Amino acid sequence: MLYALLIYQAEDVLDNYSEADQNTALAGHRALQKKTKAVGHFVEANQLLPSSSATTVRVRNGKTSVTDGPFTETKELLIGLYVFDCETLDEAIEYATQIPHSETGAIEVRPIAYFESEKGPAN
């Protein structure tokens, strides 16, 4: 099953990272990617740009609204994600604990439903 590991972090924490903090976090990400690639579980990893670069789109009653910034005001924002192909939820959770931001933010683990045809989700 594919799992998205969504990385949430308060942006002010990231803004205050020292160079050493940044290097430590990057080393942690590289180690996790190397480990998961070696066992064939790595699918994808992406870092998102700051929330100030976001655009939110809503359609209500046929009218489109486009606004700058994230869709909601919140302390912790989605800053990146991994996609892993894991046998179990427990395995995905174990990988989540190895993401450096789990120590200062939160990692949401969510199964991914994907569609290969019009018939519905493929498993």
# chains A, B, ... in the order shown; residues from 1 in each chain; ligands from 1
$ residues_around --residues "Ala45 in chain A" --least-positions-apart "6" --cutoff "12 Å" --atoms "only C-alpha atoms" --output "list in words"
Tyr3, Ala4, Leu5, Leu6, Ile7, His29, Arg30, Leu32, Gln33, Lys34, Thr36, Lys37, Ile79, Gly80, Leu81, Tyr82, Val83, Phe84 and Ile99 of chain A
$ residues_around --residues "Met1 in chain A" --least-positions-apart "4" --cutoff "10 Å" --atoms "only C-alpha atoms" --output "NGL selection string"
:A and (84-89 or 92 or 111-113 or 122-123)
$ write_last_selection --atoms "N, CA and C atoms" --output "PDB file, in the first residue's frame"
ATOM      1  N   PHE A  84       5.816   6.373   0.393  1.00  0.00           N
ATOM      2  CA  PHE A  84       6.475   5.087   0.529  1.00  0.00           C
ATOM      3  C   PHE A  84       5.501   3.969   0.198  1.00  0.00           C
ATOM      4  N   ASP A  85       6.016   2.892  -0.342  1.00  0.00           N
ATOM      5  CA  ASP A  85       5.243   1.685  -0.617  1.00  0.00           C
ATOM      6  C   ASP A  85       5.560   0.696   0.489  1.00  0.00           C
ATOM      7  N   CYS A  86       4.663   0.594   1.475  1.00  0.00           N
ATOM      8  CA  CYS A  86       4.904  -0.212   2.670  1.00  0.00           C
ATOM      9  C   CYS A  86       3.937  -1.384   2.740  1.00  0.00           C
ATOM     10  N   GLU A  87       4.386  -2.434   3.413  1.00  0.00           N
ATOM     11  CA  GLU A  87       3.534  -3.603   3.613  1.00  0.00           C
ATOM     12  C   GLU A  87       2.444  -3.325   4.650  1.00  0.00           C
ATOM     13  N   THR A  88       2.783  -2.520   5.684  1.00  0.00           N
ATOM     14  CA  THR A  88       1.842  -2.289   6.786  1.00  0.00           C
ATOM     15  C   THR A  88       1.892  -0.826   7.229  1.00  0.00           C
ATOM     16  N   LEU A  89       0.846  -0.439   7.934  1.00  0.00           N
ATOM     17  CA  LEU A  89       0.814   0.887   8.542  1.00  0.00           C
ATOM     18  C   LEU A  89       1.954   1.029   9.549  1.00  0.00           C
ATOM     19  N   ALA A  92       5.069   2.101   7.859  1.00  0.00           N
ATOM     20  CA  ALA A  92       5.015   3.521   7.496  1.00  0.00           C
ATOM     21  C   ALA A  92       5.235   4.404   8.722  1.00  0.00           C
ATOM     22  N   PRO A 111      -2.866   6.623   4.164  1.00  0.00           N
ATOM     23  CA  PRO A 111      -2.881   5.747   2.994  1.00  0.00           C
ATOM     24  C   PRO A 111      -3.333   6.524   1.758  1.00  0.00           C
ATOM     25  N   ILE A 112      -2.804   6.120   0.614  1.00  0.00           N
ATOM     26  CA  ILE A 112      -3.147   6.775  -0.642  1.00  0.00           C
ATOM     27  C   ILE A 112      -4.058   5.868  -1.460  1.00  0.00           C
ATOM     28  N   ALA A 113      -5.180   6.390  -1.884  1.00  0.00           N
ATOM     29  CA  ALA A 113      -6.050   5.705  -2.833  1.00  0.00           C
ATOM     30  C   ALA A 113      -5.713   6.273  -4.201  1.00  0.00           C
ATOM     31  N   ALA A 122      -7.390   1.408  -7.102  1.00  0.00           N
ATOM     32  CA  ALA A 122      -6.645   0.165  -7.308  1.00  0.00           C
ATOM     33  C   ALA A 122      -5.885  -0.137  -6.037  1.00  0.00           C
ATOM     34  N   ASN A 123      -5.734  -1.373  -5.698  1.00  0.00           N
ATOM     35  CA  ASN A 123      -4.995  -1.754  -4.495  1.00  0.00           C
ATOM     36  C   ASN A 123      -3.759  -2.522  -4.852  1.00  0.00           C
TER      37      ASN A 123
END
$ closest_residue --among "A:Thr56, A:Gln98, A:Asn61, A:Asn16" --to "Gly28 in chain A" --atoms "only C-alpha atoms"
A:Gln98
$ residues_around --residues "Val57 in chain A" --least-positions-apart "6" --cutoff "8 Å" --atoms "only C-alpha atoms" --output "ChimeraX atom specification"
/A:64-67
$ write_last_selection --atoms "N, CA and C atoms" --output "short mmCIF file (atom, residue, chain, number, x, y, z; two decimals), in the first residue's frame"
data_model
loop_
_atom_site.label_atom_id
_atom_site.label_comp_id
_atom_site.auth_asym_id
_atom_site.auth_seq_id
_atom_site.Cartn_x
_atom_site.Cartn_y
_atom_site.Cartn_z
N THR A 64 -15.22 31.32 -8.95
CA THR A 64 -13.86 30.98 -8.54
C THR A 64 -13.25 32.10 -7.72
N SER A 65 -12.66 31.71 -6.61
CA SER A 65 -11.95 32.65 -5.74
C SER A 65 -10.50 32.20 -5.66
N VAL A 66 -9.58 33.09 -5.92
CA VAL A 66 -8.15 32.79 -5.83
C VAL A 66 -7.54 33.75 -4.82
N THR A 67 -6.89 33.18 -3.80
CA THR A 67 -6.26 34.01 -2.78
C THR A 67 -4.81 33.58 -2.58
#
$ residues_around --residues "range 9-14 of chain A" --least-positions-apart "6" --cutoff "7 Å" --atoms "only C-alpha atoms" --output "list in words"
Lys75, Glu76, Leu77, Leu78, Ile79, His101, Gly105 and Ala106 of chain A
$ closest_residue --among "A:Ile107, A:Val43, A:Val59, A:Ala54" --to "Leu2 in chain A" --atoms "only C-alpha atoms"
A:Val43
$ atom_distance --atom1 "CA of Ala27 in chain A" --atom2 "CA of Pro100 in chain A"
8.9 Å
$ closest_residue --among "A:Asn23, A:Phe42, A:Ser53, A:Val109" --to "Glu94 in chain A" --atoms "only C-alpha atoms"
A:Val109
$ select_by_dssp --residues "range 50-110 of chain A" --states "helix (DSSP H, G or I)" --output "PyMOL selection string"
chain A and resi 51-53+89-97+100-103
$ closest_residue --among "A:Tyr8, A:Glu108, A:Thr55, A:His41" --to "Glu91 in chain A" --atoms "only C-alpha atoms"
A:His41
$ closest_residue --among "A:Ala38, A:Gly62, A:Glu19, A:Arg110" --to "Asp90 in chain A" --atoms "only C-alpha atoms"
A:Arg110
